[in-house]
file my_file23.txt (compact mmCIF, C-alpha atoms)
# COMPACT_ATOMS: atom_id res chain seq x y z
CA MET W 1 16.45 -84.79 56.59
CA VAL W 2 18.80 -82.06 57.80
CA CYS W 3 21.73 -84.45 57.85
CA ASN W 4 20.95 -85.64 54.33
CA ALA W 5 20.68 -82.05 53.14
CA LEU W 6 24.10 -81.27 54.56
CA ARG W 7 25.81 -84.37 53.16
CA VAL W 8 25.68 -83.42 49.47
CA PRO W 9 27.37 -80.02 49.80
CA ALA W 10 30.03 -81.61 52.05
CA ALA W 11 30.71 -84.30 49.44
CA ILE W 12 30.91 -81.65 46.74
CA GLN W 13 33.37 -79.62 48.80
CA ARG W 14 35.67 -82.64 49.07
CA LEU W 15 36.01 -82.87 45.29
CA HIS W 16 39.46 -81.94 43.99
CA VAL W 17 39.87 -79.45 41.15
CA LEU W 18 40.93 -82.37 38.92
CA ASP W 19 37.63 -84.10 39.76
CA TRP W 20 35.78 -81.05 38.49
CA LEU W 21 37.98 -81.01 35.39
CA ALA W 22 37.24 -84.69 34.65
CA GLY W 23 33.51 -84.25 35.17
CA GLY W 24 33.47 -81.10 33.05
CA VAL W 25 35.28 -82.79 30.17
CA LEU W 26 32.87 -85.74 30.24
CA ALA W 27 29.85 -83.42 30.42
CA CYS W 28 31.21 -81.45 27.46
CA GLY W 29 31.66 -84.64 25.44
CA LEU W 30 28.13 -85.85 26.24
CA LEU W 31 26.74 -82.43 25.33
CA CYS W 32 28.50 -82.61 21.95
CA LEU W 33 26.93 -86.01 21.38
CA ALA W 34 23.47 -84.87 22.47
CA THR W 35 23.49 -81.76 20.27
CA GLY W 36 24.67 -83.64 17.18
CA LEU W 37 28.07 -81.94 16.97
CA LEU W 38 29.46 -85.44 17.35
CA PRO W 39 27.79 -88.09 15.16
CA THR W 40 26.90 -91.29 16.94
CA GLU W 41 28.98 -93.55 14.69
CA PRO W 42 32.43 -92.07 15.49
CA ALA W 43 31.38 -91.73 19.14
CA GLY W 44 30.49 -95.43 19.27
CA ASP W 45 33.72 -96.42 17.56
CA ALA W 46 35.70 -94.37 20.09
CA MET W 47 33.95 -95.95 23.06
CA LEU W 48 34.50 -99.47 21.71
CA ARG W 49 38.16 -98.69 21.20
CA ILE W 50 38.76 -97.39 24.71
CA ALA W 51 36.81 -100.10 26.58
CA PRO W 52 39.87 -102.38 26.98
CA LEU W 53 42.03 -99.32 27.76
CA LEU W 54 39.73 -98.35 30.62
CA ALA W 55 39.75 -101.92 31.95
CA PHE W 56 43.55 -101.89 31.89
CA LEU W 57 43.81 -98.44 33.46
CA GLY W 58 41.42 -99.27 36.29
CA THR W 59 43.04 -102.58 37.20
CA VAL W 60 46.68 -101.51 36.87
CA ILE W 61 46.13 -98.52 39.19
CA VAL W 62 44.49 -100.79 41.77
CA LEU W 63 47.50 -103.10 41.45
CA ALA W 64 49.88 -100.18 41.94
CA GLU W 65 47.94 -98.70 44.88
CA LEU W 66 47.87 -102.00 46.78
CA THR W 67 51.52 -102.61 45.95
CA SER W 68 52.30 -99.23 47.48
CA THR W 69 50.18 -100.03 50.55
CA ALA W 70 52.12 -103.27 50.94
CA GLU W 71 55.26 -101.06 51.15
CA VAL W 72 56.95 -102.54 48.10
CA PHE W 73 57.93 -99.08 46.82
CA ASP W 74 59.16 -98.04 50.27
CA VAL W 75 61.42 -101.07 50.52
CA VAL W 76 62.81 -100.46 47.04
CA ALA W 77 63.33 -96.73 47.67
CA SER W 78 65.12 -97.45 50.94
CA GLY W 79 67.26 -100.05 49.19
CA VAL W 80 68.10 -97.57 46.43
CA ALA W 81 69.24 -94.97 48.97
CA ARG W 82 71.32 -97.51 50.90
CA ALA W 83 72.88 -98.81 47.69
CA GLY W 84 74.09 -95.28 46.96
CA ARG W 85 76.21 -95.39 50.16
CA GLY W 86 76.09 -91.66 50.63
CA SER W 87 77.27 -90.88 47.08
CA TYR W 88 75.07 -88.44 45.17
CA ALA W 89 76.31 -89.71 41.81
CA ALA W 90 75.37 -93.29 42.69
CA LEU W 91 72.03 -92.20 44.16
CA PHE W 92 71.31 -90.23 41.01
CA VAL W 93 71.82 -93.25 38.74
CA LEU W 94 69.82 -95.52 41.02
CA CYS W 95 66.89 -93.08 41.26
CA VAL W 96 66.84 -92.76 37.46
CA VAL W 97 66.70 -96.54 37.12
CA PHE W 98 64.01 -96.82 39.82
CA ALA W 99 61.75 -94.17 38.27
CA SER W 100 62.32 -95.46 34.73
CA VAL W 101 61.50 -99.07 35.59
CA THR W 102 58.37 -98.01 37.49
CA THR W 103 57.17 -95.95 34.53
CA ILE W 104 57.97 -98.60 31.94
CA THR W 105 56.34 -101.48 33.81
CA LEU W 106 53.45 -99.86 35.72
CA ASN W 107 52.78 -96.71 33.60
CA LEU W 108 53.54 -93.03 34.05
CA ASP W 109 50.54 -92.24 36.26
CA THR W 110 51.75 -94.80 38.81
CA THR W 111 55.11 -93.03 38.93
CA ALA W 112 53.43 -89.65 39.40
CA VAL W 113 50.85 -90.77 41.94
CA LEU W 114 52.69 -93.35 44.03
CA LEU W 115 56.43 -92.94 43.51
CA THR W 116 56.47 -89.16 44.07
CA PRO W 117 55.45 -89.27 47.77
CA VAL W 118 57.82 -92.20 48.39
CA MET W 119 60.76 -90.30 46.91
CA LEU W 120 59.87 -87.10 48.78
CA ALA W 121 59.57 -89.02 52.05
CA LEU W 122 62.94 -90.61 51.32
CA ALA W 123 64.47 -87.14 50.85
CA THR W 124 63.14 -86.13 54.28
CA ARG W 125 64.43 -89.28 56.00
CA VAL W 126 67.99 -89.01 54.66
CA GLY W 127 68.21 -85.21 54.81
CA ILE W 128 68.66 -84.37 51.14
CA ALA W 129 67.03 -81.71 48.94
CA PRO W 130 63.57 -82.88 47.72
CA VAL W 131 63.46 -80.96 44.41
CA PRO W 132 66.07 -83.10 42.56
CA LEU W 133 64.15 -86.26 43.52
CA ALA W 134 60.82 -84.65 42.60
CA MET W 135 62.07 -83.54 39.17
CA THR W 136 63.55 -86.98 38.53
CA THR W 137 60.13 -88.47 39.14
CA VAL W 138 58.07 -86.15 36.94
CA TRP W 139 60.49 -86.00 34.03
CA LEU W 140 60.99 -89.76 33.85
CA ALA W 141 57.26 -90.35 34.27
CA ASN W 142 56.99 -88.77 30.83
CA THR W 143 60.26 -89.47 29.04
CA ALA W 144 60.53 -93.11 30.16
CA SER W 145 57.06 -93.99 28.87
CA LEU W 146 57.97 -95.13 25.33
CA LEU W 147 59.01 -98.76 25.62
CA LEU W 148 55.95 -100.91 26.37
CA PRO W 149 52.20 -100.59 25.73
CA VAL W 150 51.60 -100.51 29.50
CA SER W 151 53.84 -97.48 29.95
CA ASN W 152 51.33 -94.96 28.57
CA LEU W 153 47.76 -94.94 27.28
CA THR W 154 49.03 -93.42 24.04
CA ASN W 155 51.27 -96.47 23.58
CA LEU W 156 48.26 -98.75 23.78
CA LEU W 157 46.58 -96.77 21.02
CA ALA W 158 49.70 -96.69 18.84
CA ALA W 159 50.43 -100.39 19.27
CA ASP W 160 46.87 -101.17 18.24
CA ARG W 161 47.11 -98.91 15.18
CA VAL W 162 50.37 -100.43 13.88
CA ALA W 163 49.56 -103.98 15.10
CA LEU W 164 52.58 -104.33 17.39
CA SER W 165 52.78 -106.75 20.31
CA PRO W 166 54.53 -105.62 23.53
CA THR W 167 57.78 -107.20 22.34
CA GLY W 168 57.24 -105.73 18.86
CA LEU W 169 56.79 -102.22 20.26
CA ALA W 170 59.83 -102.68 22.49
CA ALA W 171 61.88 -103.78 19.46
CA LYS W 172 60.93 -100.55 17.70
CA MET W 173 61.27 -98.21 20.65
CA TRP W 174 64.22 -99.49 22.71
CA LEU W 175 66.74 -97.11 21.15
CA PRO W 176 64.42 -94.05 21.25
CA GLN W 177 63.70 -94.93 24.89
CA LEU W 178 67.39 -95.10 25.76
CA ALA W 179 67.98 -91.80 23.99
CA ALA W 180 65.16 -90.10 25.91
CA ILE W 181 66.41 -91.39 29.26
CA ALA W 182 70.01 -90.41 28.46
CA VAL W 183 69.01 -86.85 27.59
CA THR W 184 66.84 -86.69 30.71
CA MET W 185 69.78 -87.78 32.85
CA VAL W 186 72.02 -85.06 31.40
CA CYS W 187 69.38 -82.38 31.96
CA LEU W 188 68.62 -83.60 35.48
CA TRP W 189 72.29 -83.51 36.45
CA LEU W 190 72.96 -80.09 34.93
CA PHE W 191 69.82 -78.39 36.22
CA TYR W 192 69.10 -80.11 39.55
CA TRP W 193 71.63 -82.71 40.73
CA ARG W 194 75.09 -81.23 40.21
CA SER W 195 77.11 -79.86 43.09
CA GLY W 196 75.82 -76.46 44.14
CA ARG W 197 72.25 -77.21 43.07
CA ARG W 198 71.36 -80.13 45.34
CA GLY W 199 72.18 -78.56 48.71
CA VAL W 200 74.78 -80.88 50.32
CA ASP W 201 77.62 -83.09 49.11
CA VAL W 202 76.80 -86.33 50.94
CA TYR W 203 73.80 -87.94 52.58
CA THR W 204 73.30 -90.51 55.30
CA PRO W 205 71.87 -93.81 53.99
CA PRO W 206 68.62 -94.81 55.73
CA ALA W 207 68.08 -97.92 57.77
CA VAL W 208 66.60 -101.04 56.20
CA HIS W 209 62.86 -100.60 55.70
CA ARG W 210 60.95 -103.61 56.97
CA PRO W 211 57.32 -103.93 55.77
CA ALA W 212 54.68 -104.36 58.44
CA ASP W 213 53.23 -107.44 56.68
CA ARG W 214 55.85 -109.47 54.87
CA THR W 215 53.23 -111.78 53.35
CA LEU W 216 51.44 -108.91 51.63
CA PHE W 217 54.81 -107.51 50.59
CA ARG W 218 55.80 -110.77 48.90
CA VAL W 219 52.42 -111.38 47.26
CA CYS W 220 52.24 -107.86 45.79
CA GLY W 221 55.85 -107.93 44.66
CA LEU W 222 55.34 -111.27 42.91
CA ALA W 223 52.05 -110.07 41.38
CA CYS W 224 53.83 -107.10 39.77
CA LEU W 225 56.67 -109.31 38.55
CA GLY W 226 54.20 -111.86 37.17
CA PHE W 227 52.25 -109.12 35.40
CA LEU W 228 55.39 -107.91 33.66
CA LEU W 229 56.45 -111.40 32.62
CA VAL W 230 53.01 -112.28 31.26
CA ILE W 231 52.73 -109.21 29.04
CA LEU W 232 56.20 -109.81 27.65
CA ILE W 233 56.02 -113.53 26.92
CA ALA W 234 52.31 -114.37 26.55
CA ASP W 235 49.88 -113.28 23.85
CA VAL W 236 47.07 -112.09 26.13
CA PRO W 237 45.22 -108.75 26.27
CA LEU W 238 46.88 -106.27 28.61
CA TRP W 239 43.73 -105.72 30.60
CA THR W 240 43.48 -109.45 31.26
CA ALA W 241 47.01 -109.58 32.67
CA SER W 242 46.52 -106.46 34.81
CA ALA W 243 43.13 -107.69 36.05
CA ALA W 244 44.61 -111.04 37.06
CA ALA W 245 47.51 -109.41 38.91
CA ALA W 246 45.20 -106.92 40.61
CA GLY W 247 42.87 -109.77 41.55
CA VAL W 248 45.71 -111.58 43.31
CA THR W 249 46.54 -108.51 45.38
CA VAL W 250 42.88 -107.84 46.20
CA VAL W 251 42.44 -111.41 47.46
CA ALA W 252 45.61 -111.11 49.54
CA PHE W 253 44.39 -107.89 51.15
CA ALA W 254 40.92 -109.36 51.69
CA VAL W 255 42.54 -112.10 53.76
CA ARG W 256 45.27 -110.08 55.51
CA ARG W 257 44.06 -106.44 55.68
CA ARG W 258 40.47 -106.03 54.55
CA CYS W 259 40.25 -102.43 55.78
CA ALA W 260 42.67 -101.35 53.02
CA LEU W 261 40.14 -102.33 50.32
CA ARG W 262 38.02 -99.29 49.50
CA LEU W 263 36.26 -97.86 46.48
CA SER W 264 38.72 -94.97 46.31
CA LEU W 265 41.37 -97.43 45.08
CA VAL W 266 39.63 -97.35 41.71
CA PRO W 267 40.85 -94.31 39.68
CA TRP W 268 37.38 -92.87 39.11
CA ARG W 269 38.79 -89.52 37.99
CA LEU W 270 40.74 -91.14 35.15
CA LEU W 271 37.86 -93.42 34.20
CA ILE W 272 35.66 -90.33 33.80
CA LEU W 273 38.26 -88.12 32.16
CA VAL W 274 39.44 -90.52 29.43
CA PRO W 275 36.00 -91.16 27.82
CA GLY W 276 35.29 -87.43 28.02
CA LEU W 277 38.56 -86.62 26.27
CA PHE W 278 37.82 -89.13 23.53
CA LEU W 279 34.36 -87.65 22.91
CA VAL W 280 35.64 -84.06 22.88
CA VAL W 281 38.55 -84.86 20.58
CA GLU W 282 36.31 -86.81 18.20
CA THR W 283 33.98 -83.79 18.10
CA VAL W 284 36.79 -81.35 17.29
CA ASN W 285 38.28 -83.84 14.87
CA VAL W 286 35.14 -84.20 12.75
CA ASN W 287 34.65 -80.44 12.77
CA GLY W 288 37.93 -79.30 11.25
CA LEU W 289 40.89 -80.29 13.46
CA HIS W 290 41.66 -83.29 11.27
CA ASP W 291 42.31 -81.09 8.24
CA ILE W 292 44.50 -78.69 10.24
CA LEU W 293 46.62 -81.48 11.71
CA SER W 294 46.85 -83.29 8.37
CA SER W 295 48.33 -80.13 6.89
CA ALA W 296 50.69 -79.57 9.84
CA ILE W 297 51.95 -83.17 10.03
CA GLY W 298 52.00 -83.78 6.28
CA PRO W 299 51.96 -87.08 4.33
CA ASP W 300 55.76 -87.56 4.22
CA GLY W 301 56.63 -90.86 5.91
CA GLY W 302 60.38 -90.22 5.66
CA LEU W 303 62.81 -88.58 8.09
CA PHE W 304 61.49 -85.05 7.58
CA GLY W 305 57.92 -86.23 8.08
CA MET W 306 58.94 -88.00 11.29
CA PHE W 307 60.54 -84.86 12.73
CA ARG W 308 57.52 -82.85 11.65
CA ALA W 309 55.08 -85.22 13.39
CA ALA W 310 57.20 -85.32 16.56
CA ALA W 311 57.42 -81.51 16.66
CA VAL W 312 53.66 -81.07 16.17
CA GLY W 313 52.92 -83.69 18.84
CA GLY W 314 55.31 -82.23 21.40
CA GLY W 315 54.39 -78.61 20.75
CA LEU W 316 50.62 -79.08 20.84
CA SER W 317 50.84 -81.36 23.90
CA ASN W 318 52.25 -78.46 25.90
CA VAL W 319 49.50 -76.16 24.64
CA LEU W 320 46.63 -78.62 25.19
CA ASN W 321 47.35 -82.07 26.64
CA ASN W 322 49.23 -85.03 25.21
CA LEU W 323 46.36 -87.56 25.18
CA PRO W 324 43.88 -85.57 23.05
CA VAL W 325 46.73 -84.34 20.85
CA TYR W 326 47.83 -87.91 20.14
CA LEU W 327 44.26 -88.99 19.47
CA ALA W 328 43.73 -86.18 16.97
CA GLY W 329 47.18 -86.54 15.43
CA GLU W 330 46.82 -90.28 14.94
CA SER W 331 43.95 -89.81 12.50
CA ALA W 332 45.98 -87.21 10.58
CA VAL W 333 48.90 -89.61 9.93
CA PRO W 334 48.43 -91.68 6.74
CA ALA W 335 47.58 -95.31 7.52
CA GLY W 336 50.79 -96.75 6.08
CA ASN W 337 53.20 -94.29 7.74
CA HIS W 338 54.03 -96.38 10.80
CA GLU W 339 57.36 -94.68 11.51
CA GLN W 340 55.70 -91.27 11.32
CA LEU W 341 53.01 -92.41 13.77
CA LEU W 342 55.67 -93.62 16.21
CA ALA W 343 57.42 -90.25 15.84
CA LEU W 344 54.12 -88.57 16.79
CA LEU W 345 54.05 -90.90 19.80
CA ILE W 346 57.54 -89.72 20.78
CA GLY W 347 56.43 -86.11 20.58
CA THR W 348 53.34 -86.66 22.75
CA ASN W 349 55.16 -88.85 25.31
CA VAL W 350 58.57 -87.21 25.65
CA GLY W 351 57.61 -83.64 24.76
CA PRO W 352 54.95 -82.72 27.37
CA VAL W 353 57.38 -81.63 30.12
CA VAL W 354 57.11 -77.84 29.71
CA THR W 355 53.65 -76.87 31.01
CA PRO W 356 51.94 -78.28 34.13
CA TRP W 357 48.87 -79.37 32.12
CA ALA W 358 50.77 -81.04 29.26
CA SER W 359 50.12 -84.51 30.70
CA LEU W 360 47.87 -85.89 33.40
CA ALA W 361 50.92 -87.38 35.13
CA THR W 362 52.42 -83.91 35.53
CA LEU W 363 49.18 -82.55 36.98
CA LEU W 364 49.06 -85.42 39.46
CA TRP W 365 52.72 -84.81 40.33
CA PHE W 366 52.11 -81.13 41.08
CA GLU W 367 49.22 -82.15 43.33
CA ARG W 368 51.40 -84.57 45.31
CA CYS W 369 54.25 -82.06 45.65
CA HIS W 370 51.84 -79.41 46.91
CA ALA W 371 50.32 -81.86 49.41
CA GLN W 372 53.78 -82.55 50.88
CA GLY W 373 54.83 -78.91 50.97
CA VAL W 374 57.47 -79.12 48.23
CA LYS W 375 57.59 -75.96 46.12
CA VAL W 376 58.93 -76.13 42.58
CA SER W 377 59.44 -72.82 40.78
CA LEU W 378 57.11 -72.72 37.77
CA LYS W 379 59.60 -70.54 35.89
CA SER W 380 62.39 -73.05 36.50
CA PHE W 381 60.10 -75.98 35.72
CA MET W 382 59.06 -74.56 32.35
CA GLY W 383 62.50 -73.25 31.38
CA THR W 384 64.39 -76.47 32.09
CA GLY W 385 61.49 -78.53 30.71
CA ALA W 386 61.68 -76.66 27.39
CA VAL W 387 65.35 -77.58 27.01
CA LEU W 388 64.60 -81.22 27.86
CA ALA W 389 61.62 -81.39 25.49
CA VAL W 390 63.48 -80.07 22.45
CA VAL W 391 66.64 -82.13 22.90
CA ALA W 392 64.92 -85.36 24.00
CA VAL W 393 62.35 -85.31 21.18
CA LEU W 394 65.08 -84.68 18.60
CA ALA W 395 67.31 -87.41 20.01
CA SER W 396 64.53 -89.98 20.32
CA THR W 397 63.17 -89.30 16.83
CA THR W 398 66.67 -89.64 15.38
CA ALA W 399 67.04 -92.95 17.22
CA LEU W 400 63.71 -94.12 15.79
CA ALA W 401 64.95 -93.31 12.29
CA VAL W 402 68.06 -95.39 12.98
CA THR W 403 66.10 -98.41 14.23
CA GLY W 404 63.56 -98.02 11.43
call {"tool": "encode", "arguments": {"input": "my_file23.txt", "output": "structure tokens"}}
result
Amino acid sequence: MVCNALRVPAAIQRLHVLDWLAGGVLACGLLCLATGLLPTEPAGDAMLRIAPLLAFLGTVIVLAELTSTAEVFDVVASGVARAGRGSYAALFVLCVVFASVTTITLNLDTTAVLLTPVMLALATRVGIAPVPLAMTTVWLANTASLLLPVSNLTNLLAADRVALSPTGLAAKMWLPQLAAIAVTMVCLWLFYWRSGRRGVDVYTPPAVHRPADRTLFRVCGLACLGFLLVILIADVPLWTASAAAAGVTVVAFAVRRRCALRLSLVPWRLLILVPGLFLVVETVNVNGLHDILSSAIGPDGGLFGMFRAAAVGGGLSNVLNNLPVYLAGESAVPAGNHEQLLALLIGTNVGPVVTPWASLATLLWFERCHAQGVKVSLKSFMGTGAVLAVVAVLASTTALAVTG
């Protein structure tokens, strides 16, 4: 009895502050529902809408976690550093490509959670400053999340609203995505990577990284590649493709390394936080936020309306958080204004790089940096992030107007 009595407080003490945040948001949403502040009909509609999103989120994170355990990211990171051959300029371009591709294909939270420690460990191994690599990861986790539905939860919602397939969304967003990455590269070089900011002029390329289990490495690498190909060329739900790919990796680990399979692979924090956010935002939305955002965003579906929606999305995301801001903003955009909705998406994806709480990916990134002892000045983070947010949102929205 004594042992049982001591277990609960110990388990509670192990909870991270983000766990408490997720549980608090869900409790707040359920309280709104129980007290009648949130009618049951919009609550039910919201839960039905996010069911496939939660299935996708849960399975794609498991896929990414096992892929990381199989050392796929370590091999790629080592290869990136060796391909740079000691040149900072080459390493810079390769790291941008690496982080961008990870975000686009496996979503921004994967980049924040799994790529950040890999990049920081790489900095330690080759003796280079960690902050440039860390900032590359967090900025591109946000700004490179426009192209595909899998890149960001907001993309899944937007693609559903405007009835765009993965290839259809990519056809709309390829130029805005290139613009956002280009602006990010310029800001990264000026603020963190240029000579005098990065610490040293050359680095020593690392040795070839050889995974401990080459079979698991190959299976997980092929599962990720197959997942990407399926969502691009086949008309199947995203959660089905991610579940199939995750299933392949789970089976491989069950055969080769069963001890790596644990319940903590499932992103419980996200699976609790997302429904809570939906319930809270629906509550605020039906109690006045919709009218405020409708007035702020306006009904103009033209160029001015696009810039207005992008500015509201980016600005409010840094005050609150990009996911609830997109959810509330989506209902304020007139149903036929597809370009304006995509501009709102740009604001909520590219814009939240100023405050630490602007996106969940940024919060997760700060947690990983702190765990590895890497200190990033909050003043510098917010100051440089403000420049990036303004220029990247403007550039990407202009590119959307061109493609539209």
call {"tool": "residues_around", "arguments": {"input": "my_file23.txt", "residues": "Gly79 in chain W", "least_positions_apart": "3", "cutoff": "12 Å", "atoms": "all atoms listed in the file", "output": "VMD selection string"}}
result
chain W and resid 72 to 76 82 to 85 91 94 to 95 98 119 122 205 to 210
call {"tool": "atom_distance", "arguments": {"input": "my_file23.txt", "atom1": "CA of Val319 in chain W", "atom2": "CA of Ala180 in chain W"}}
result
21.0 Å
call {"tool": "atom_distance", "arguments": {"input": "my_file23.txt", "atom1": "CA of Leu66 in chain W", "atom2": "CA of Leu146 in chain W"}}
result
24.7 Å
call {"tool": "residues_around", "arguments": {"input": "my_file23.txt", "residues": "Gly347 in chain W", "least_positions_apart": "6", "cutoff": "8 Å", "atoms": "all atoms listed in the file", "output": "PyMOL selection string"}}
result
chain W and resi 309-315+393
call {"tool": "write_last_selection", "arguments": {"input": "my_file23.txt", "atoms": "C-alpha atoms", "output": "PDB file, keeping the file's coordinate frame"}}
result
ATOM      1  CA  ALA W 309      55.080 -85.220  13.390  1.00  0.00           C
ATOM      2  CA  ALA W 310      57.200 -85.320  16.560  1.00  0.00           C
ATOM      3  CA  ALA W 311      57.420 -81.510  16.660  1.00  0.00           C
ATOM      4  CA  VAL W 312      53.660 -81.070  16.170  1.00  0.00           C
ATOM      5  CA  GLY W 313      52.920 -83.690  18.840  1.00  0.00           C
ATOM      6  CA  GLY W 314      55.310 -82.230  21.400  1.00  0.00           C
ATOM      7  CA  GLY W 315      54.390 -78.610  20.750  1.00  0.00           C
ATOM      8  CA  VAL W 393      62.350 -85.310  21.180  1.00  0.00           C
TER       9      VAL W 393
END
call {"tool": "residues_around", "arguments": {"input": "my_file23.txt", "residues": "Arg257 in chain W", "least_positions_apart": "5", "cutoff": "12 Å", "atoms": "all atoms listed in the file", "output": "PyMOL selection string"}}
result
chain W and resi 66+69-70+212-213+215-217+249-252+262
call {"tool": "closest_residue", "arguments": {"input": "my_file23.txt", "among": "W:Trp357, W:Tyr326, W:Trp239, W:Tyr88", "to": "Arg194 in chain W", "atoms": "all atoms listed in the file"}}
result
W:Tyr88
call {"tool": "residues_around", "arguments": {"input": "my_file23.txt", "residues": "Pro352 in chain W", "least_positions_apart": "3", "cutoff": "9 Å", "atoms": "all atoms listed in the file", "output": "list of chain:residue names"}}
result
W:Asn142, W:Thr143, W:Gly313, W:Gly314, W:Gly315, W:Leu316, W:Ser317, W:Asn318, W:Val319, W:Asn321, W:Asn322, W:Gly347, W:Thr348, W:Asn349, W:Thr355, W:Pro356, W:Trp357, W:Ala358, W:Ser359, W:Thr362, W:Gly385, W:Ala389
call {"tool": "residues_around", "arguments": {"input": "my_file23.txt", "residues": "Val60 in chain W", "least_positions_apart": "3", "cutoff": "7 Å", "atoms": "all atoms listed in the file", "output": "mmCIF file with C-alpha atoms, in the frame of the given file"}}
result
data_model
loop_
_atom_site.group_PDB
_atom_site.id
_atom_site.type_symbol
_atom_site.label_atom_id
_atom_site.label_comp_id
_atom_site.auth_asym_id
_atom_site.auth_seq_id
_atom_site.Cartn_x
_atom_site.Cartn_y
_atom_site.Cartn_z
ATOM 1 C CA PHE W 56 43.550 -101.890 31.890
ATOM 2 C CA LEU W 57 43.810 -98.440 33.460
ATOM 3 C CA LEU W 63 47.500 -103.100 41.450
ATOM 4 C CA ALA W 64 49.880 -100.180 41.940
ATOM 5 C CA SER W 242 46.520 -106.460 34.810
ATOM 6 C CA ALA W 246 45.200 -106.920 40.610
#
call {"tool": "atom_distance", "arguments": {"input": "my_file23.txt", "atom1": "CA of Tyr192 in chain W", "atom2": "CA of Pro132 in chain W"}}
result
5.2 Å
call {"tool": "closest_residue", "arguments": {"input": "my_file23.txt", "among": "W:Asn337, W:Val374, W:Ala234, W:Val390", "to": "Val162 in chain W", "atoms": "only C-alpha atoms"}}
result
W:Asn337
call {"tool": "closest_residue", "arguments": {"input": "my_file23.txt", "among": "W:Val354, W:Val97, W:Leu133, W:Cys369", "to": "Leu320 in chain W", "atoms": "all atoms listed in the file"}}
result
W:Val354
call {"tool": "closest_residue", "arguments": {"input": "my_file23.txt", "among": "W:Ala241, W:Leu342, W:Val131, W:Leu37", "to": "His370 in chain W", "atoms": "all atoms listed in the file"}}
result
W:Val131
call {"tool": "closest_residue", "arguments": {"input": "my_file23.txt", "among": "W:Met135, W:Ala51, W:Ala22, W:Leu289", "to": "Ser380 in chain W", "atoms": "all atoms listed in the file"}}
result
W:Met135
call {"tool": "closest_residue", "arguments": {"input": "my_file23.txt", "among": "W:Ile231, W:Ala81, W:Leu400, W:Val286", "to": "Thr204 in chain W", "atoms": "all atoms listed in the file"}}
result
W:Ala81
